[in-house]
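Colleague: If it helps, the file is called input-v8.txt and holds compact mmCIF, C-alpha atoms:
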```txt
# COMPACT_ATOMS: atom_id res chain seq x y z
CA MET A 1 99.59 -7.01 -91.45
CA LYS A 2 102.50 -4.88 -90.38
CA ARG A 3 102.73 -4.94 -86.58
CA ASN A 4 103.18 -7.63 -83.93
CA ILE A 5 106.80 -8.44 -84.70
CA LEU A 6 107.89 -11.84 -83.51
CA ALA A 7 111.43 -12.58 -82.48
CA LEU A 8 111.86 -15.46 -84.87
CA LEU A 9 115.19 -17.21 -85.09
CA CYS A 10 115.43 -19.63 -87.99
CA ALA A 11 118.34 -22.04 -88.05
CA LEU A 12 117.97 -23.57 -91.49
CA ALA A 13 121.13 -25.31 -92.60
CA LEU A 14 120.62 -26.60 -96.13
CA LEU A 15 124.09 -27.60 -97.19
CA TRP A 16 123.70 -27.98 -100.93
CA ALA A 17 127.00 -29.69 -101.32
CA GLY A 18 125.75 -32.43 -99.02
CA LEU A 19 122.39 -32.93 -100.68
CA PRO A 20 122.27 -35.90 -103.05
CA GLY A 21 121.87 -34.80 -106.63
CA ALA A 22 122.38 -31.08 -105.95
CA ALA A 23 125.56 -30.84 -108.00
CA ALA A 24 124.00 -32.90 -110.77
CA ALA A 25 120.95 -30.62 -110.85
CA SER A 26 123.16 -27.55 -111.11
CA SER A 27 125.20 -29.14 -113.89
CA SER A 28 122.01 -30.08 -115.75
CA ARG A 29 120.73 -26.50 -115.48
CA ASP A 30 124.03 -25.14 -116.83
CA GLN A 31 123.85 -27.60 -119.71
CA ARG A 32 120.30 -26.51 -120.60
CA THR A 33 121.35 -22.85 -120.48
CA ALA A 34 124.29 -23.53 -122.79
CA ASP A 35 122.04 -25.47 -125.19
CA LEU A 36 119.56 -22.58 -125.25
CA LEU A 37 122.26 -20.06 -126.11
CA ASN A 38 123.75 -22.44 -128.68
CA THR A 39 120.35 -22.81 -130.35
CA LEU A 40 120.18 -19.02 -130.65
CA GLY A 41 123.68 -18.94 -132.15
CA LEU A 42 125.15 -16.99 -129.23
CA VAL A 43 127.66 -19.56 -127.94
CA ASN A 44 129.63 -22.48 -129.30
CA GLY A 45 131.03 -25.60 -127.74
CA THR A 46 134.74 -26.14 -127.29
CA GLY A 47 134.90 -29.26 -129.45
CA GLY A 48 136.03 -32.75 -128.52
CA SER A 49 134.63 -34.48 -125.47
CA SER A 50 134.58 -31.42 -123.26
CA GLY A 51 131.37 -29.99 -124.76
CA TYR A 52 130.90 -26.45 -123.51
CA ALA A 53 133.61 -26.74 -120.84
CA LEU A 54 131.16 -25.18 -118.38
CA SER A 55 133.43 -25.56 -115.38
CA SER A 56 136.43 -23.97 -117.10
CA GLN A 57 137.54 -20.46 -116.23
CA ALA A 58 136.02 -17.97 -118.70
CA THR A 59 138.51 -15.82 -120.59
CA ARG A 60 138.36 -12.22 -121.72
CA ALA A 61 138.20 -13.21 -125.39
CA GLN A 62 135.38 -15.67 -124.78
CA ALA A 63 133.41 -13.08 -122.85
CA VAL A 64 133.71 -10.46 -125.59
CA THR A 65 132.70 -12.79 -128.41
CA VAL A 66 129.61 -13.88 -126.47
CA PHE A 67 128.30 -10.42 -125.63
CA VAL A 68 129.03 -9.04 -129.13
CA ARG A 69 126.76 -11.80 -130.42
CA LEU A 70 124.27 -10.95 -127.66
CA ALA A 71 124.25 -7.38 -129.00
CA GLY A 72 123.44 -8.72 -132.47
CA CYS A 73 126.66 -7.22 -133.80
CA GLN A 74 128.56 -10.27 -135.04
CA GLN A 75 128.12 -9.32 -138.69
CA SER A 76 128.92 -5.66 -138.02
CA ALA A 77 132.05 -6.72 -136.18
CA ALA A 78 133.21 -8.76 -139.17
CA GLN A 79 132.80 -5.74 -141.45
CA ALA A 80 134.18 -3.05 -139.13
CA THR A 81 137.70 -1.71 -139.34
CA VAL A 82 138.78 -0.47 -135.94
CA ALA A 83 142.39 0.22 -135.04
CA THR A 84 143.17 -0.89 -131.50
CA GLY A 85 146.94 -1.17 -131.25
CA PHE A 86 146.56 -4.62 -129.67
CA THR A 87 149.14 -7.11 -130.88
CA ASP A 88 147.90 -10.22 -129.08
CA LEU A 89 144.45 -10.82 -130.61
CA PRO A 90 143.64 -14.39 -131.72
CA ALA A 91 142.08 -14.59 -135.17
CA TRP A 92 138.85 -16.18 -133.93
CA ALA A 93 138.13 -13.30 -131.54
CA ALA A 94 139.88 -10.36 -133.21
CA ASP A 95 136.82 -8.92 -134.99
CA ALA A 96 134.65 -9.00 -131.85
CA ILE A 97 137.35 -7.46 -129.66
CA ARG A 98 138.10 -4.66 -132.11
CA TYR A 99 134.41 -3.90 -132.54
CA ALA A 100 133.69 -3.90 -128.81
CA TYR A 101 136.71 -1.69 -128.22
CA GLY A 102 135.51 0.73 -130.88
CA ARG A 103 132.10 0.94 -129.18
CA GLY A 104 133.71 1.67 -125.82
CA TRP A 105 132.41 -1.56 -124.32
CA VAL A 106 135.85 -3.00 -123.46
CA TYR A 107 139.39 -1.78 -122.92
CA GLY A 108 142.80 -3.40 -123.14
CA THR A 109 145.12 -4.29 -120.31
CA SER A 110 147.73 -1.97 -121.85
CA ALA A 111 148.14 0.13 -124.98
CA THR A 112 149.29 -2.91 -126.96
CA THR A 113 147.72 -5.88 -125.15
CA PHE A 114 144.18 -7.13 -124.61
CA SER A 115 145.23 -10.32 -122.78
CA PRO A 116 142.57 -12.46 -124.49
CA ASN A 117 143.45 -15.63 -122.61
CA ALA A 118 143.45 -13.99 -119.17
CA PRO A 119 140.58 -14.91 -116.84
CA VAL A 120 137.60 -12.59 -116.96
CA SER A 121 135.92 -11.72 -113.68
CA ALA A 122 132.18 -11.55 -113.08
CA ARG A 123 132.56 -7.83 -112.41
CA ALA A 124 134.31 -7.26 -115.73
CA TYR A 125 131.73 -9.23 -117.73
CA VAL A 126 128.81 -7.48 -116.05
CA THR A 127 130.52 -4.15 -116.79
CA PHE A 128 130.77 -5.12 -120.47
CA LEU A 129 127.05 -5.96 -120.49
CA LEU A 130 126.00 -2.78 -118.72
CA ARG A 131 127.86 -0.67 -121.27
CA MET A 132 126.29 -2.65 -124.10
CA LEU A 133 122.83 -2.07 -122.60
CA GLY A 134 123.37 1.67 -122.53
CA TYR A 135 124.58 2.32 -119.00
CA CYS A 136 127.66 4.53 -118.89
CA ASP A 137 130.21 4.30 -116.11
CA ALA A 138 131.98 7.37 -117.49
CA ASP A 139 128.80 9.38 -116.91
CA GLY A 140 128.27 7.96 -113.44
CA ASP A 141 125.43 5.51 -114.12
CA PHE A 142 127.56 3.01 -112.20
CA HIS A 143 131.16 2.48 -111.17
CA TYR A 144 133.32 -0.48 -112.05
CA ALA A 145 133.95 -1.26 -108.37
CA ASP A 146 130.18 -1.34 -107.80
CA ALA A 147 129.19 -3.05 -111.07
CA LEU A 148 127.95 -6.32 -109.51
CA ASP A 149 125.88 -4.58 -106.82
CA PHE A 150 124.44 -2.19 -109.40
CA ALA A 151 123.54 -5.09 -111.73
CA ARG A 152 121.70 -6.81 -108.87
CA ARG A 153 120.05 -3.53 -107.87
CA ILE A 154 118.52 -3.08 -111.34
CA GLY A 155 117.71 -6.77 -111.74
CA LEU A 156 120.19 -7.69 -114.46
CA ILE A 157 121.56 -10.48 -112.26
CA THR A 158 120.08 -12.12 -109.18
CA GLU A 159 123.02 -14.18 -107.95
CA ASP A 160 126.10 -13.05 -106.05
CA TYR A 161 129.13 -13.69 -108.25
CA ALA A 162 131.56 -11.71 -106.10
CA SER A 163 133.57 -14.69 -104.86
CA GLY A 164 135.15 -17.68 -106.55
CA SER A 165 136.26 -18.18 -110.11
CA PHE A 166 134.03 -17.05 -112.95
CA THR A 167 133.38 -20.05 -115.18
CA ARG A 168 132.00 -20.43 -118.66
CA GLY A 169 128.85 -21.78 -117.03
CA ASP A 170 128.53 -18.55 -115.03
CA LEU A 171 129.14 -16.49 -118.16
CA PHE A 172 126.39 -18.37 -120.01
CA GLU A 173 124.00 -18.01 -117.07
CA ILE A 174 124.37 -14.22 -116.96
CA THR A 175 124.09 -14.02 -120.76
CA ALA A 176 120.85 -16.02 -120.76
CA ALA A 177 119.40 -13.86 -117.98
CA ALA A 178 120.18 -10.72 -120.00
CA LEU A 179 118.02 -11.90 -122.91
CA CYS A 180 114.83 -10.62 -121.28
CA PHE A 181 116.39 -7.43 -119.89
CA PRO A 182 115.46 -4.08 -121.51
CA TYR A 183 117.93 -1.69 -123.07
CA HIS A 184 118.54 1.51 -121.14
CA ASP A 185 117.28 3.78 -123.90
CA GLY A 186 113.66 4.28 -122.90
CA SER A 187 112.35 2.00 -125.66
CA GLY A 188 111.48 -0.87 -123.33
CA GLN A 189 112.84 -3.26 -125.96
CA THR A 190 114.48 -6.35 -124.57
CA VAL A 191 117.74 -7.87 -125.76
CA ILE A 192 115.98 -10.85 -127.34
CA GLY A 193 113.42 -8.55 -128.94
CA ARG A 194 116.15 -6.53 -130.61
CA LEU A 195 118.00 -9.65 -131.72
CA VAL A 196 114.83 -10.87 -133.43
CA ASP A 197 114.08 -7.48 -135.00
CA GLN A 198 117.64 -7.31 -136.34
CA GLY A 199 117.38 -10.79 -137.80
CA ALA A 200 120.32 -11.98 -135.70
CA VAL A 201 118.04 -14.59 -134.10
CA SER A 202 115.11 -16.19 -135.87
CA ARG A 203 111.67 -15.44 -134.47
CA ALA A 204 110.81 -19.13 -134.80
CA ALA A 205 113.73 -20.13 -132.58
CA ALA A 206 112.94 -17.46 -129.98
CA ASN A 207 109.27 -18.48 -129.94
CA ALA A 208 110.13 -22.17 -129.71
CA LEU A 209 112.22 -21.42 -126.63
CA GLY A 210 109.43 -19.33 -125.10
CA LEU A 211 111.53 -16.16 -125.07
CA LEU A 212 108.88 -14.02 -126.74
CA ASP A 213 106.00 -15.34 -124.65
CA ASP A 214 104.52 -12.63 -122.42
CA THR A 215 103.43 -15.24 -119.89
CA LEU A 216 106.06 -15.82 -117.21
CA SER A 217 106.67 -19.00 -115.27
CA PRO A 218 106.85 -18.76 -111.47
CA GLN A 219 110.65 -18.92 -111.67
CA GLN A 220 110.78 -16.21 -114.33
CA THR A 221 108.43 -14.04 -112.27
CA TRP A 222 110.73 -14.35 -109.28
CA GLU A 223 113.92 -13.71 -111.25
CA GLN A 224 112.56 -10.72 -113.18
CA CYS A 225 110.38 -9.08 -110.52
CA SER A 226 111.85 -9.77 -107.06
CA PRO A 227 114.77 -7.31 -107.44
CA ALA A 228 112.21 -4.47 -107.46
CA VAL A 229 110.53 -5.59 -104.22
CA PHE A 230 111.97 -4.70 -100.83
CA CYS A 231 111.61 -5.09 -97.10
CA LEU A 232 110.33 -1.95 -95.40
CA GLU A 233 111.50 -1.46 -91.81
CA THR A 234 109.64 1.26 -89.93
CA TYR A 235 110.21 3.23 -86.72
CA VAL A 236 107.36 4.62 -84.66
CA GLU A 237 109.54 6.72 -82.34
CA GLN A 238 112.93 8.40 -82.63
CA ILE A 239 114.35 6.30 -79.82
CA TYR A 240 113.86 3.17 -81.94
CA ALA A 241 115.33 4.83 -85.02
CA ASP A 242 118.40 5.95 -83.05
CA ALA A 243 118.84 2.44 -81.66
CA LYS A 244 118.22 0.90 -85.11
CA VAL A 245 115.52 -1.33 -83.66
CA PRO A 246 112.59 -1.47 -86.11
CA SER A 247 109.09 -1.06 -84.70
CA GLY A 248 107.61 -3.00 -87.57
CA TYR A 249 108.23 -4.64 -90.92
CA ALA A 250 106.29 -4.35 -94.14
CA SER A 251 106.94 -4.56 -97.89
CA GLY A 252 107.07 -2.29 -100.91
CA PHE A 253 108.15 -2.18 -104.54
CA PHE A 254 109.68 0.36 -106.90
CA ILE A 255 107.52 1.80 -109.67
CA SER A 256 110.22 3.99 -111.23
CA GLU A 257 113.96 3.59 -111.49
CA ASP A 258 114.54 6.92 -109.73
CA GLY A 259 113.23 5.58 -106.42
CA LEU A 260 109.45 6.07 -106.39
CA ALA A 261 107.94 3.09 -104.62
CA ALA A 262 104.46 1.89 -103.69
CA THR A 263 103.29 0.35 -100.44
CA ASN A 264 100.22 0.30 -98.19
CA TYR A 265 99.23 3.41 -96.31
CA HIS A 266 98.87 1.40 -93.11
CA ALA A 267 102.45 0.13 -93.54
CA ILE A 268 103.80 3.62 -92.83
CA SER A 269 100.93 5.11 -90.82
CA GLY A 270 102.13 6.68 -87.57
CA ASP A 271 105.82 6.10 -88.27
CA ILE A 272 108.46 8.82 -88.11
CA ALA A 273 111.17 7.07 -90.17
CA ALA A 274 111.60 4.08 -92.47
CA ASN A 275 114.26 2.29 -94.48
CA VAL A 276 114.04 -0.07 -97.42
CA ILE A 277 116.24 -3.15 -97.59
CA LEU A 278 116.89 -4.41 -101.12
CA SER A 279 117.44 -8.01 -102.17
CA THR A 280 121.15 -7.09 -102.35
CA GLY A 281 121.12 -6.37 -98.60
CA GLU A 282 121.68 -2.65 -99.16
CA THR A 283 119.60 -0.25 -97.07
CA TYR A 284 118.22 3.07 -98.30
CA PRO A 285 116.23 5.60 -96.23
CA VAL A 286 112.74 6.78 -97.15
CA GLU A 287 112.91 10.50 -97.86
CA ARG A 288 109.31 11.54 -98.34
CA VAL A 289 105.73 10.43 -98.92
CA VAL A 290 104.55 11.93 -102.21
CA TYR A 291 101.07 10.37 -102.27
CA TYR A 292 98.81 8.69 -99.77
CA ASP A 293 95.18 7.71 -99.53
CA GLU A 294 94.06 6.25 -96.22
CA GLY A 295 90.76 4.91 -97.52
CA ARG A 296 92.36 3.14 -100.44
CA ASP A 297 95.28 2.03 -98.24
CA LEU A 298 97.82 3.20 -100.80
CA ALA A 299 100.99 5.25 -100.46
CA VAL A 300 103.86 6.21 -102.73
CA ILE A 301 107.21 7.00 -101.15
CA GLN A 302 110.43 8.51 -102.46
CA VAL A 303 113.47 6.42 -101.58
CA SER A 304 116.83 8.16 -101.30
CA PRO A 305 119.41 7.33 -104.00
CA VAL A 306 122.09 7.26 -101.27
CA SER A 307 122.27 4.19 -99.05
CA LEU A 308 122.89 4.33 -95.32
CA ASP A 309 126.54 3.43 -95.92
CA GLY A 310 126.98 6.28 -98.39
CA LYS A 311 126.68 4.43 -101.72
CA ARG A 312 124.85 6.35 -104.45
CA THR A 313 122.86 4.61 -107.15
CA SER A 314 121.52 5.98 -110.41
CA ALA A 315 118.72 3.43 -110.76
CA PHE A 316 116.61 0.81 -109.01
CA ALA A 317 114.81 -2.15 -110.55
CA CYS A 318 111.16 -1.24 -111.01
CA LEU A 319 107.86 -2.88 -111.90
CA GLU A 320 105.18 -1.94 -114.42
CA LEU A 321 101.68 -1.17 -113.14
CA ALA A 322 98.60 -2.59 -114.89
CA ASN A 323 94.98 -1.55 -114.57
CA THR A 324 93.25 -3.95 -112.22
CA SER A 325 90.30 -4.08 -114.63
CA THR A 326 92.42 -6.44 -116.75
CA LEU A 327 92.04 -9.14 -114.07
CA HIS A 328 89.48 -11.93 -114.26
CA ASN A 329 88.38 -14.52 -111.75
CA GLY A 330 90.61 -17.56 -112.09
CA ASP A 331 93.64 -15.62 -113.34
CA THR A 332 97.00 -16.70 -111.96
CA VAL A 333 98.67 -14.19 -109.65
CA TYR A 334 101.91 -14.09 -107.68
CA ALA A 335 102.59 -12.28 -104.41
CA ILE A 336 106.13 -11.12 -103.65
CA GLY A 337 106.81 -9.56 -100.28
CA ASN A 338 108.54 -9.77 -96.94
CA PRO A 339 106.45 -11.99 -94.64
CA LEU A 340 107.37 -11.84 -90.94
CA GLY A 341 110.35 -9.65 -91.81
CA LEU A 342 112.31 -12.77 -92.78
CA GLY A 343 113.14 -11.78 -96.36
CA LEU A 344 111.51 -11.88 -99.75
CA THR A 345 109.31 -14.79 -100.78
CA ILE A 346 107.00 -15.61 -103.67
CA THR A 347 103.65 -17.39 -103.50
CA SER A 348 101.15 -18.14 -106.22
CA GLY A 349 97.38 -18.35 -106.38
CA ILE A 350 94.33 -17.44 -108.38
CA VAL A 351 91.99 -14.48 -108.33
CA SER A 352 88.82 -15.31 -106.38
CA ALA A 353 87.11 -11.93 -106.83
CA THR A 354 88.26 -8.88 -108.76
CA GLU A 355 86.07 -6.32 -106.96
CA ARG A 356 85.00 -7.26 -103.45
CA ALA A 357 83.69 -4.54 -101.15
CA VAL A 358 85.53 -4.82 -97.83
CA ASP A 359 84.89 -2.85 -94.64
CA GLY A 360 87.58 -0.23 -94.05
CA TYR A 361 88.43 0.24 -97.72
CA THR A 362 86.92 2.89 -100.00
CA ILE A 363 87.81 0.89 -103.09
CA PRO A 364 86.86 -2.73 -103.90
CA CYS A 365 89.66 -5.19 -103.18
CA VAL A 366 91.07 -8.10 -105.14
CA VAL A 367 90.55 -11.37 -103.28
CA ASN A 368 93.04 -14.09 -104.17
CA THR A 369 94.68 -17.25 -102.86
CA ALA A 370 98.36 -16.20 -103.02
CA HIS A 371 99.45 -16.59 -99.40
CA ILE A 372 100.72 -13.59 -97.45
CA SER A 373 101.57 -13.07 -93.77
CA GLN A 374 102.34 -10.24 -91.38
CA GLY A 375 105.03 -8.15 -93.05
CA SER A 376 103.66 -8.78 -96.54
CA SER A 377 101.65 -5.55 -96.44
CA GLY A 378 102.72 -3.32 -99.30
CA GLY A 379 104.06 -6.15 -101.44
CA ALA A 380 103.35 -6.69 -105.12
CA LEU A 381 100.51 -8.79 -106.47
CA LEU A 382 101.54 -9.59 -110.04
CA ASN A 383 99.76 -11.03 -113.03
CA ASP A 384 101.42 -13.75 -115.09
CA GLN A 385 103.09 -11.09 -117.26
CA GLY A 386 105.01 -9.65 -114.32
CA GLN A 387 102.85 -6.51 -114.03
CA VAL A 388 101.63 -5.26 -110.65
CA VAL A 389 97.84 -5.33 -110.49
CA ALA A 390 97.39 -4.78 -106.76
CA VAL A 391 99.19 -4.18 -103.46
CA THR A 392 98.99 -7.04 -100.96
CA SER A 393 97.21 -5.69 -97.90
CA GLY A 394 95.52 -8.21 -95.58
CA ALA A 395 93.23 -11.19 -95.26
CA TYR A 396 89.82 -12.18 -93.98
CA ALA A 397 90.40 -13.13 -90.35
CA TYR A 398 88.14 -16.18 -90.51
CA GLY A 399 88.58 -17.13 -94.13
CA ASN A 400 90.73 -19.76 -95.76
CA SER A 401 93.04 -18.54 -98.55
CA MET A 402 91.08 -15.29 -98.81
CA TYR A 403 93.81 -12.67 -99.09
CA LEU A 404 93.14 -9.03 -99.89
CA ALA A 405 95.02 -6.74 -102.24
CA VAL A 406 94.34 -3.10 -103.09
CA PRO A 407 94.08 -2.24 -106.81
CA VAL A 408 96.90 -0.08 -108.20
CA THR A 409 94.56 1.55 -110.69
CA PRO A 410 94.45 4.86 -108.73
CA LEU A 411 98.24 5.12 -109.00
CA LEU A 412 98.09 5.12 -112.80
CA SER A 413 96.67 8.66 -112.81
CA ALA A 414 97.96 10.00 -109.49
CA ASP A 415 100.20 13.06 -109.25
CA PHE A 416 103.60 12.29 -107.74
CA SER A 417 105.13 15.66 -108.53
CA THR A 418 104.15 17.22 -105.19
CA ARG A 419 106.79 17.97 -102.57
CA GLY A 420 105.01 15.59 -100.24
CA TRP A 421 105.72 15.05 -96.57
CA THR A 422 108.39 13.50 -94.42
CA LEU A 423 107.16 10.60 -92.33
CA LYS A 424 107.38 12.83 -89.26
CA GLU A 425 105.21 15.44 -90.94
CA LEU A 426 102.72 12.80 -91.99
CA ALA A 427 102.60 11.36 -88.48
CA ALA A 428 101.95 14.86 -87.13
CA ILE A 429 99.14 15.35 -89.62
CA GLU A 430 97.59 12.08 -88.54
CA THR A 431 97.63 13.04 -84.88
CA GLY A 432 96.32 16.52 -85.60
CA ALA A 433 99.51 18.23 -84.44
CA ALA A 434 99.83 20.01 -87.78
CA ALA A 435 97.34 21.72 -90.02
CA ARG A 436 95.50 19.46 -92.40
CA VAL A 437 96.63 19.60 -96.00
CA LYS A 438 94.92 18.43 -99.11
CA ILE A 439 95.73 14.79 -99.85
CA PRO A 440 96.65 14.30 -103.51
CA SER A 441 94.62 11.50 -105.02
CA ALA A 442 93.74 10.00 -108.34
CA GLN A 443 91.01 11.66 -110.33
```
Now, as a test, write the supplied structure out as structure tokens.
Modeller:
Amino acid sequence: MKRNILALLCALALLWAGLPGAAAASSSRDQRTADLLNTLGLVNGTGGSSGYALSSQATRAQAVTVFVRLAGCQQSAAQATVATGFTDLPAWAADAIRYAYGRGWVYGTSATTFSPNAPVSARAYVTFLLRMLGYCDADGDFHYADALDFARRIGLITEDYASGSFTRGDLFEITAAALCFPYHDGSGQTVIGRLVDQGAVSRAAANALGLLDDTLSPQQTWEQCSPAVFCLETYVEQIYADAKVPSGYASGFFISEDGLAATNYHAISGDIAANVILSTGETYPVERVVYYDEGRDLAVIQVSPVSLDGKRTSAFACLELANTSTLHNGDTVYAIGNPLGLGLTITSGIVSATERAVDGYTIPCVVNTAHISQGSSGGALLNDQGQVVAVTSGAYAYGNSMYLAVPVTPLLSADFSTRGWTLKELAAIETGAAARVKIPSAQ
């Protein structure tokens, strides 16, 4: 389901500002987010009739107090004695600002001023959060100028906050999204998990709000998993690569933060070059193929850490793989991919068969009802815990809602440490122009 590109022009003009109830729906969502954070003890209202003042410009002091609570450090901040030299700290925020400064999470606007009432930008707040999570701009994990793009690249945020004022509602939205994000320390522990373990948030409250539930809603699946899925544009001849005219579109997803990604073998078969386009719009070239198995229709590629416009990243959002044997008929699954080359979409369905022998495959396929189309090949089929159980691959030509996905089980024990092949080398191997080499495969 990779070839036969259609020149599709979609003129969809959904003007949200003109849709009845759109603003009210957004306001209601912001209110629910604020209530959730308030229930956890992470934010307070402003008092009086203004409630949370969600449409007000967020300030530097407000931002720091919120993310210090998010780190579970409110009590530590009250007990810490950190000299800052700042002479303009309000009493209500002084402990949090001093503590965050001592941890290297925030800096002042001068040697003696923090400017607590100055507006905070989305970029500044995301930078605070990244440092709190363990990413270090001083060590080159990210750069302040690139903080928003980096946060979207790793899946910390999914919206574009680059333009417009940064409101308290925006601040609360990013804070709530960070609750289910893991710390960058290799533990896999999420922010909410650590808050509960520290006793900063009660387990009962977190459970009541569904924050400790492993089962994800469709919206949560999209928000947490889609940043790791990408559009794969492929080039069958150098003339197309030089002209930047893709020969085909497919899908893929990262399985490690250093750029290893999975896709279908047939998505890259015969191509001499390929690029991946992230949900941020950034484009990164495919460097090598480190694993492929034609019969299983699986491939693992290494994506360059340097984008086509010269930006370097230290990490990509990635997805966890799960043994396909954990699936059962009737289980809910979600497919995220790039149908028709039009951009990422999510569909849902159920598993119809966990091991169906299909002609052309040397491994039984997962049959399910999550819709895919041409261009979806190589996308992620996820269980309701956000784990990839299979790679979306095709469909029965004369079936209804009978879509095929290849189990990822072989990838769990495959060796990705080989030098691998460039796409040109692989294409040459396929056509017999180069000597055959042993194909690394799962044992």
Colleague: So, counting all atoms listed in the file, which residue among A:Asn383, A:Thr190, A:Asn117, A:Thr221 is closest to Ala58 in chain A?
Modeller: A:Asn117
Colleague: Neighbouring residues of Leu412 in chain A were defined as those with any atom within 12 Å, considering only C-alpha atoms; residues of the same chain fewer than 3 positions away were excluded. Please report them as a list in words.
Modeller: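 Those residues are Ile255, Ala262, Val300, Glu320, Leu321, Ala322, Asn323, Thr324, Val388, Val389, Ala390, Pro407, Val408, Thr409, Asp415, Phe416, Ser441, Ala442 and Gln443 of chain A.
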Colleague: Might you pull out every residue within 10 Å of Leu423 in chain A, with all atoms listed in the file counted and same-chain residues fewer than 2 positions away left off, and present them as a list in words?
Modeller: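 After dropping sequence-adjacent residues, the list is Thr234, Tyr235, Val236, Ile268, Ser269, Gly270, Asp271, Ile272, Ala273, Ala274, Val286, Glu287, Arg288, Val289, Ile301, Gly420, Trp421, Glu425, Leu426, Ala427, Ala428 and Ile429 of chain A.
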Colleague: Do a neighbour search on Gln198 in chain A at 12 Å with only C-alpha atoms, toss out local chain neighbours closer than 5 positions, and write the hits as number ranges by chain.
Modeller: A: 69-76, 191-193, 203
Colleague: With only C-alpha atoms as the counted atoms, please give the residues lying no more than 10 Å from range 148-154 of chain A, apart from itself and same-chain residues fewer than 4 positions off, as a PyMOL selection string.
Modeller: chain A and resi 122-127+129-130+141-144+158-162+181+224+227-228+257+278-282+312-318
